[in-house]
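*Asks:* What follows is a single structure, and I will ask about it in a moment.
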Amino acid sequence: METFDLIVIGSGAGDLVVNYAIDDGYKVALADQGPTGGTCLNTGCIPSKMLIYPADVIRATQEAGSIGLTATIKPDFAHIMERMRTFVDRERRGMEEGLRRTKNLTFIQEVAEFTGPGTLRAGNRELTAPKIVIATGARALIPPIPGLKEAGYLDNVSLLQLRELPKSLIIIGGGYIGCEFGHFFSAMGTEVTIINRPPVLLNDEDPEVSETVTRVLSKYVQVQAGYEAEMVSKEGGKKVVHAKSKKDGTTTSFSADELLVALGRRSNADLLKPEKAGIEVDRKGWIKVNQYLETNVPGVWAIGDVLGKYMFRHTANYHAEVVYNNLFKDDKVEVDEHAVPHAVFTHPQVGHVGMTEADAKAAGIKVLVGRAKYYQTAKGIAMHNHDGFVKLVVASDTKKILGCSVVGPDAAVLVQQVAYMMNCGNQDLGPLYTTQVIHPAISEVVMRAFGNLEPA
């Protein structure tokens, strides 16, 4: 049995915990089934955004006619894909080499599983430590749709290995992954169909956001909303999805050269056999933690996607900081997730932080809501953007900022301004009264939305 001060399982955000511990002189083991670097580096944020940026350029070019520009742009799919893979492979190899050279670190590239409280097996090695951090992430959720396995399908991992652009593609699921890759492949020239059970795309966003994304993306993608995939078959070299209408119960068939399943995520916790250590999970398999990110088993913490709540790399990074403090310091820090920002890099781009209007009302909070369109600013007029907008939610009594949604170019950048305000001072409108806003810049649309606050 090998003994350590700390064992970390998972090399995504878990690598941050490892680095903090190594810097403070602890003896650490890092067990990771791979690929090293976790979802973000290998199959998530980084590779997907390297693909989506060219799609953004294509869409901007295609829509430039409204401002008097005409251009032809032709994507090189093979080059775009290879550029992405080359970068990811280089970064992963560099990370692995660095981990192998790190003093006081034992790096084990094997699946780890619990054998009891405080003990793990990784490959043929037995490990133990008084402190363990689980950072194993999540993987694609593939539902048991009849015929799906036999027909063959892509997920967010396997599609990154495509060498040829499919002429047509069906995406089952209209969430983050479905909308982002719908944007990418349609910009590349693929005929894309999104089959989505809810009546709008991005159903978990504010309804005004969901409606706008559905309407705008439908200019480039065939959106079949209100349909549930019931069966998949392969006919004449095509993959056929048989989907049932939620409205009238009729069945319609959709066919394409390729099929992407984007129906959510499932926890990787099951690979660890947490039950052998007495670690509790919820009914869907996500690890349960308290306000300090500690499991029900003393000495075992969990961070990031494996919790099933906010599955964003920046949230996992924040979790890593909180957990490291709670691992080795007397003053424990509670996790604060009142203002978790996120973005969806589809067309149009979406940014959000905090509560939606519906969230606030469900919590019994009286709110003010402010809205502003991009075209109500000088820069928005210059951009000729008539779809973009900002929506703000503020508590009526305290003027505390509760949430913000943005749709349009640079939505992720614009919503970050509000996220900063929600994490400083009294989290209210105070900073607005003393802050000058650059004119003419699209950031003025956020200030204009604050200026338009009125009772909801």
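Here's how to read the names in the structure tokens: chain A, B, ... by the order shown, residue numbers from 1 in each chain, ligand numbers from 1 in the order shown.
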Could the residues of stretch 55-160 of chain A that have an atom at most 10 Å from stretch 240-254 of chain A be listed as a tab-separated table, each with its closest atom pair and the distance in Å to one decimal, counting only C-alpha atoms and ordered by chain and ascending residue number?
*Replies:*
```
residue	atom	partner	partner_atom	distance
A:Ile145	CA	A:Val241	CA	9.9
A:Gly147	CA	A:Val241	CA	9.3
A:Leu148	CA	A:Val241	CA	8.8
A:Ala151	CA	A:Val240	CA	8.5
```
*Asks:* Residues as selected, C-alpha atoms, written as a PDB file, in the first residue's frame, can you do that?
*Replies:*
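Listed below is the output, part_33.pdb:
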```pdb
ATOM      1  CA  ILE A 145     -33.049   4.560 -28.226  1.00  0.00           C
ATOM      2  CA  GLY A 147     -31.597   0.964 -33.209  1.00  0.00           C
ATOM      3  CA  LEU A 148     -29.209   3.751 -32.214  1.00  0.00           C
ATOM      4  CA  ALA A 151     -27.051   2.480 -36.901  1.00  0.00           C
TER       5      ALA A 151
END
```
*Asks:* Do you have, as JSON lines, the list of residues of stretch 40-125 of chain A lying at most 10 Å from stretch 299-320 of chain A, each with its nearest atom pair and that distance in Å to one decimal, counting only C-alpha atoms and ordered by chain then number?
*Replies:*
```
{"residue": "A:Cys40", "atom": "CA", "partner": "A:Arg313", "partner_atom": "CA", "distance": 6.5}
{"residue": "A:Leu41", "atom": "CA", "partner": "A:Arg313", "partner_atom": "CA", "distance": 9.7}
{"residue": "A:Gly44", "atom": "CA", "partner": "A:Arg313", "partner_atom": "CA", "distance": 9.2}
{"residue": "A:Cys45", "atom": "CA", "partner": "A:Arg313", "partner_atom": "CA", "distance": 7.9}
{"residue": "A:Pro117", "atom": "CA", "partner": "A:Val300", "partner_atom": "CA", "distance": 9.1}
{"residue": "A:Gly118", "atom": "CA", "partner": "A:Gly299", "partner_atom": "CA", "distance": 7.9}
```
*Asks:* For each of A:Gly174, A:Gly37, A:Gly278, A:Gly370, take the minimum atom-to-atom distance to A:Phe389, counting only C-alpha atoms, then give the residue where this is smallest.
*Replies:*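 The shortest atom-to-atom distance to A:Phe389 comes from A:Gly370.
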*Asks:* Using only C-alpha atoms, determine which residues lie at most 12 Å from A:Glu258, disregarding the query and same-chain residues fewer than 6 positions distant; provide the list as a PyMOL selection string.
*Replies:* chain A and resi 148+151-155+158-159+162+164-172+185+190-193+232-234+237-241
*Asks:* Restricting it to N, CA, C and O atoms, dump the selection as a short mmCIF file (atom, residue, chain, number, x, y, z; two decimals), in the first residue's frame.
*Replies:*
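This went into selection-v7.cif:
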```
data_model
loop_
_atom_site.label_atom_id
_atom_site.label_comp_id
_atom_site.auth_asym_id
_atom_site.auth_seq_id
_atom_site.Cartn_x
_atom_site.Cartn_y
_atom_site.Cartn_z
N LEU A 148 -30.25 2.72 -32.19
CA LEU A 148 -29.21 3.75 -32.21
C LEU A 148 -27.82 3.13 -32.32
O LEU A 148 -27.01 3.53 -33.16
N ALA A 151 -27.20 1.52 -35.80
CA ALA A 151 -27.05 2.48 -36.90
C ALA A 151 -25.73 3.23 -36.82
O ALA A 151 -25.16 3.63 -37.83
N GLY A 152 -25.24 3.41 -35.59
CA GLY A 152 -24.01 4.17 -35.39
C GLY A 152 -24.30 5.65 -35.20
O GLY A 152 -25.25 6.18 -35.77
N TYR A 153 -23.48 6.28 -34.38
CA TYR A 153 -23.72 7.69 -34.06
C TYR A 153 -22.41 8.35 -33.63
O TYR A 153 -21.43 7.68 -33.30
N LEU A 154 -22.44 9.67 -33.62
CA LEU A 154 -21.34 10.47 -33.11
C LEU A 154 -21.75 11.05 -31.76
O LEU A 154 -22.93 11.26 -31.51
N ASP A 155 -20.75 11.32 -30.90
CA ASP A 155 -20.99 12.13 -29.72
C ASP A 155 -19.98 13.27 -29.76
O ASP A 155 -19.26 13.45 -30.75
N SER A 158 -16.31 11.67 -30.39
CA SER A 158 -15.97 11.03 -31.66
C SER A 158 -16.06 11.99 -32.85
O SER A 158 -15.32 11.83 -33.83
N LEU A 159 -16.91 13.01 -32.78
CA LEU A 159 -17.02 13.91 -33.92
C LEU A 159 -15.75 14.71 -34.14
O LEU A 159 -15.48 15.18 -35.25
N LEU A 162 -13.54 13.40 -37.01
CA LEU A 162 -14.02 13.37 -38.40
C LEU A 162 -12.95 13.88 -39.36
O LEU A 162 -12.31 14.90 -39.10
N GLU A 164 -13.77 13.88 -42.88
CA GLU A 164 -14.52 14.44 -44.00
C GLU A 164 -15.80 15.09 -43.49
O GLU A 164 -16.43 14.60 -42.56
N LEU A 165 -16.17 16.17 -44.12
CA LEU A 165 -17.38 16.89 -43.74
C LEU A 165 -18.61 16.13 -44.21
O LEU A 165 -18.75 15.85 -45.40
N PRO A 166 -19.52 15.76 -43.29
CA PRO A 166 -20.74 15.09 -43.73
C PRO A 166 -21.62 16.04 -44.53
O PRO A 166 -21.73 17.23 -44.20
N LYS A 167 -22.25 15.51 -45.57
CA LYS A 167 -23.15 16.35 -46.38
C LYS A 167 -24.40 16.72 -45.59
O LYS A 167 -24.97 17.80 -45.79
N SER A 168 -24.83 15.81 -44.74
CA SER A 168 -26.01 16.08 -43.93
C SER A 168 -25.82 15.48 -42.54
O SER A 168 -25.10 14.50 -42.37
N LEU A 169 -26.46 16.10 -41.56
CA LEU A 169 -26.27 15.70 -40.17
C LEU A 169 -27.55 15.93 -39.38
O LEU A 169 -28.15 17.01 -39.46
N ILE A 170 -27.96 14.92 -38.64
CA ILE A 170 -29.05 15.08 -37.68
C ILE A 170 -28.44 15.18 -36.29
O ILE A 170 -27.57 14.38 -35.93
N ILE A 171 -28.88 16.16 -35.53
CA ILE A 171 -28.46 16.30 -34.14
C ILE A 171 -29.68 16.05 -33.26
O ILE A 171 -30.70 16.73 -33.40
N ILE A 172 -29.59 15.07 -32.39
CA ILE A 172 -30.66 14.82 -31.44
C ILE A 172 -30.32 15.58 -30.16
O ILE A 172 -29.39 15.21 -29.44
N PHE A 185 -21.38 22.98 -37.93
CA PHE A 185 -21.51 22.17 -39.14
C PHE A 185 -22.32 22.88 -40.22
O PHE A 185 -22.01 22.76 -41.42
N THR A 190 -22.71 21.80 -44.13
CA THR A 190 -23.52 20.61 -43.91
C THR A 190 -24.99 21.00 -43.76
O THR A 190 -25.32 22.03 -43.16
N GLU A 191 -25.88 20.17 -44.30
CA GLU A 191 -27.31 20.35 -44.08
C GLU A 191 -27.65 19.76 -42.71
O GLU A 191 -27.57 18.55 -42.52
N VAL A 192 -27.99 20.62 -41.76
CA VAL A 192 -28.16 20.21 -40.38
C VAL A 192 -29.63 20.24 -39.98
O VAL A 192 -30.35 21.20 -40.26
N THR A 193 -30.05 19.18 -39.30
CA THR A 193 -31.38 19.12 -38.70
C THR A 193 -31.23 18.86 -37.21
O THR A 193 -30.52 17.93 -36.81
N VAL A 232 -34.10 4.62 -34.27
CA VAL A 232 -33.13 4.95 -35.30
C VAL A 232 -32.92 3.72 -36.17
O VAL A 232 -32.86 2.58 -35.67
N SER A 233 -32.82 3.94 -37.48
CA SER A 233 -32.56 2.84 -38.40
C SER A 233 -31.56 3.29 -39.44
O SER A 233 -31.23 4.47 -39.53
N LYS A 234 -31.06 2.33 -40.20
CA LYS A 234 -30.15 2.66 -41.29
C LYS A 234 -30.78 2.16 -42.58
O LYS A 234 -31.08 0.97 -42.73
N GLY A 237 -27.90 3.51 -46.77
CA GLY A 237 -26.69 4.25 -46.44
C GLY A 237 -26.92 5.48 -45.59
O GLY A 237 -25.97 6.16 -45.19
N LYS A 238 -28.17 5.78 -45.29
CA LYS A 238 -28.52 6.94 -44.48
C LYS A 238 -28.93 6.50 -43.08
O LYS A 238 -29.42 5.38 -42.88
N LYS A 239 -28.73 7.40 -42.12
CA LYS A 239 -29.20 7.16 -40.76
C LYS A 239 -30.54 7.88 -40.61
O LYS A 239 -30.64 9.08 -40.89
N VAL A 240 -31.53 7.12 -40.19
CA VAL A 240 -32.90 7.64 -40.16
C VAL A 240 -33.38 7.69 -38.70
O VAL A 240 -33.34 6.69 -37.99
N VAL A 241 -33.85 8.85 -38.30
CA VAL A 241 -34.40 9.03 -36.96
C VAL A 241 -35.92 9.13 -37.09
O VAL A 241 -36.44 9.99 -37.81
#
```
*Asks:* Which stretch 310-392 of chain A residues have any atom within 9 Å of an atom of stretch 441-450 of chain A, and for each, what is the nearest pair of atoms with distance in Å to one decimal, counting only C-alpha atoms, rows sorted by chain and number, as JSON lines?
*Replies:*
```
{"residue": "A:Val369", "atom": "CA", "partner": "A:Phe450", "partner_atom": "CA", "distance": 8.4}
{"residue": "A:Gly370", "atom": "CA", "partner": "A:Ala449", "partner_atom": "CA", "distance": 4.8}
{"residue": "A:Arg371", "atom": "CA", "partner": "A:Ala449", "partner_atom": "CA", "distance": 4.6}
{"residue": "A:Ala372", "atom": "CA", "partner": "A:Ala449", "partner_atom": "CA", "distance": 4.6}
{"residue": "A:Lys373", "atom": "CA", "partner": "A:Val445", "partner_atom": "CA", "distance": 6.9}
{"residue": "A:Tyr374", "atom": "CA", "partner": "A:Val445", "partner_atom": "CA", "distance": 6.0}
{"residue": "A:Tyr375", "atom": "CA", "partner": "A:Val445", "partner_atom": "CA", "distance": 8.6}
{"residue": "A:Gln376", "atom": "CA", "partner": "A:Val445", "partner_atom": "CA", "distance": 7.3}
{"residue": "A:Thr377", "atom": "CA", "partner": "A:Val445", "partner_atom": "CA", "distance": 6.2}
{"residue": "A:Ala378", "atom": "CA", "partner": "A:Ala441", "partner_atom": "CA", "distance": 7.4}
{"residue": "A:Lys379", "atom": "CA", "partner": "A:Ile442", "partner_atom": "CA", "distance": 5.4}
{"residue": "A:Gly380", "atom": "CA", "partner": "A:Ile442", "partner_atom": "CA", "distance": 6.3}
{"residue": "A:Phe389", "atom": "CA", "partner": "A:Val445", "partner_atom": "CA", "distance": 7.7}
{"residue": "A:Val390", "atom": "CA", "partner": "A:Val446", "partner_atom": "CA", "distance": 6.3}
{"residue": "A:Lys391", "atom": "CA", "partner": "A:Ala449", "partner_atom": "CA", "distance": 6.6}
{"residue": "A:Leu392", "atom": "CA", "partner": "A:Ala449", "partner_atom": "CA", "distance": 6.7}
```
*Asks:* Generate the output file for the selected residues, N, CA, C and O atoms, as a PDB file, in the first residue's frame.
*Replies:*
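New file result-v8.pdb:
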```pdb
ATOM      1  N   VAL A 369     -37.175  44.487 -14.048  1.00  0.00           N
ATOM      2  CA  VAL A 369     -36.568  43.893 -15.240  1.00  0.00           C
ATOM      3  C   VAL A 369     -36.213  45.006 -16.217  1.00  0.00           C
ATOM      4  O   VAL A 369     -37.023  45.897 -16.489  1.00  0.00           O
ATOM      5  N   GLY A 370     -34.987  44.962 -16.710  1.00  0.00           N
ATOM      6  CA  GLY A 370     -34.538  45.942 -17.696  1.00  0.00           C
ATOM      7  C   GLY A 370     -34.117  45.265 -18.982  1.00  0.00           C
ATOM      8  O   GLY A 370     -33.428  44.242 -18.949  1.00  0.00           O
ATOM      9  N   ARG A 371     -34.547  45.829 -20.091  1.00  0.00           N
ATOM     10  CA  ARG A 371     -34.198  45.265 -21.401  1.00  0.00           C
ATOM     11  C   ARG A 371     -33.630  46.358 -22.294  1.00  0.00           C
ATOM     12  O   ARG A 371     -34.034  47.516 -22.211  1.00  0.00           O
ATOM     13  N   ALA A 372     -32.720  45.965 -23.172  1.00  0.00           N
ATOM     14  CA  ALA A 372     -32.209  46.884 -24.183  1.00  0.00           C
ATOM     15  C   ALA A 372     -31.756  46.087 -25.391  1.00  0.00           C
ATOM     16  O   ALA A 372     -31.139  45.028 -25.244  1.00  0.00           O
ATOM     17  N   LYS A 373     -32.064  46.582 -26.568  1.00  0.00           N
ATOM     18  CA  LYS A 373     -31.646  45.955 -27.819  1.00  0.00           C
ATOM     19  C   LYS A 373     -30.286  46.512 -28.250  1.00  0.00           C
ATOM     20  O   LYS A 373     -29.968  47.671 -27.977  1.00  0.00           O
ATOM     21  N   TYR A 374     -29.527  45.692 -28.918  1.00  0.00           N
ATOM     22  CA  TYR A 374     -28.247  46.165 -29.446  1.00  0.00           C
ATOM     23  C   TYR A 374     -28.451  47.418 -30.291  1.00  0.00           C
ATOM     24  O   TYR A 374     -27.676  48.368 -30.215  1.00  0.00           O
ATOM     25  N   TYR A 375     -29.501  47.423 -31.131  1.00  0.00           N
ATOM     26  CA  TYR A 375     -29.662  48.521 -32.074  1.00  0.00           C
ATOM     27  C   TYR A 375     -30.095  49.825 -31.394  1.00  0.00           C
ATOM     28  O   TYR A 375     -30.213  50.868 -32.048  1.00  0.00           O
ATOM     29  N   GLN A 376     -30.291  49.794 -30.074  1.00  0.00           N
ATOM     30  CA  GLN A 376     -30.587  51.018 -29.334  1.00  0.00           C
ATOM     31  C   GLN A 376     -29.312  51.742 -28.904  1.00  0.00           C
ATOM     32  O   GLN A 376     -29.380  52.740 -28.193  1.00  0.00           O
ATOM     33  N   THR A 377     -28.164  51.225 -29.344  1.00  0.00           N
ATOM     34  CA  THR A 377     -26.882  51.883 -29.098  1.00  0.00           C
ATOM     35  C   THR A 377     -26.243  52.237 -30.430  1.00  0.00           C
ATOM     36  O   THR A 377     -26.567  51.650 -31.472  1.00  0.00           O
ATOM     37  N   ALA A 378     -25.322  53.189 -30.376  1.00  0.00           N
ATOM     38  CA  ALA A 378     -24.654  53.610 -31.610  1.00  0.00           C
ATOM     39  C   ALA A 378     -23.886  52.462 -32.248  1.00  0.00           C
ATOM     40  O   ALA A 378     -23.916  52.280 -33.476  1.00  0.00           O
ATOM     41  N   LYS A 379     -23.183  51.674 -31.435  1.00  0.00           N
ATOM     42  CA  LYS A 379     -22.416  50.567 -31.998  1.00  0.00           C
ATOM     43  C   LYS A 379     -23.347  49.506 -32.560  1.00  0.00           C
ATOM     44  O   LYS A 379     -23.058  48.895 -33.597  1.00  0.00           O
ATOM     45  N   GLY A 380     -24.473  49.268 -31.891  1.00  0.00           N
ATOM     46  CA  GLY A 380     -25.438  48.289 -32.400  1.00  0.00           C
ATOM     47  C   GLY A 380     -26.000  48.702 -33.752  1.00  0.00           C
ATOM     48  O   GLY A 380     -26.230  47.861 -34.627  1.00  0.00           O
ATOM     49  N   PHE A 389     -29.830  41.444 -27.656  1.00  0.00           N
ATOM     50  CA  PHE A 389     -30.423  42.199 -26.551  1.00  0.00           C
ATOM     51  C   PHE A 389     -29.800  41.793 -25.225  1.00  0.00           C
ATOM     52  O   PHE A 389     -29.156  40.749 -25.099  1.00  0.00           O
ATOM     53  N   VAL A 390     -30.038  42.638 -24.211  1.00  0.00           N
ATOM     54  CA  VAL A 390     -29.657  42.375 -22.828  1.00  0.00           C
ATOM     55  C   VAL A 390     -30.919  42.403 -21.987  1.00  0.00           C
ATOM     56  O   VAL A 390     -31.786  43.262 -22.174  1.00  0.00           O
ATOM     57  N   LYS A 391     -31.028  41.455 -21.050  1.00  0.00           N
ATOM     58  CA  LYS A 391     -32.148  41.436 -20.101  1.00  0.00           C
ATOM     59  C   LYS A 391     -31.576  41.297 -18.699  1.00  0.00           C
ATOM     60  O   LYS A 391     -30.815  40.372 -18.418  1.00  0.00           O
ATOM     61  N   LEU A 392     -31.956  42.220 -17.818  1.00  0.00           N
ATOM     62  CA  LEU A 392     -31.456  42.250 -16.453  1.00  0.00           C
ATOM     63  C   LEU A 392     -32.573  42.014 -15.449  1.00  0.00           C
ATOM     64  O   LEU A 392     -33.718  42.424 -15.678  1.00  0.00           O
TER      65      LEU A 392
END
```
*Asks:* Determine, counting only C-alpha atoms, which protein, DNA and RNA residues have an atom within 12 Å of an atom of A:Asn290; residues of the same chain fewer than 2 positions away are not included. Present the result as an MDAnalysis selection string.
*Replies:* chainID A and resid 280 287:288 292:298 300:303 307 323 326 332:336
*Asks:* Quick one: of A:Ile9, A:Ile401, A:Val88, A:Ala456, who's nearest to A:Cys424, counting only C-alpha atoms?
*Replies:* A:Ile401
*Asks:* Using only C-alpha atoms, pick whichever of A:Ala395, A:Met95, A:Ala71, A:Cys179 has the shortest atom-to-atom distance to A:Gln427.
*Replies:*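 Counting only C-alpha atoms, the residue closest to A:Gln427 is A:Ala395.
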*Asks:* Point out the residue among A:Gly38, A:Gly354, A:Glu235, A:Asp397 with the least atom-to-atom distance to A:Pro455, counting only C-alpha atoms.
*Replies:*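 Looking only at the distances to A:Pro455, the closest residue turns out to be A:Asp397.
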*Asks:* Can you pull out every residue within 12 Å of A:Asn203, counting only C-alpha atoms, but drop anything in the same chain fewer than 5 positions away, and send it as an NGL selection string?
*Replies:* :A and (173-176 or 178-179 or 196-198 or 208-214 or 225-226)
*Asks:* As a PyMOL selection string, please: every residue in stretch 118-253 of chain A that DSSP puts in helix (DSSP H, G or I).
*Replies:* chain A and resi 148-151+158-161+176-188+207-217
*Asks:* Grab the atom CA of A:Val28 to atom CA of A:Lys103 distance for me, in Å with one decimal place.
*Replies:*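 Between atom CA of A:Val28 and atom CA of A:Lys103 the gap works out to 9.4 Å.
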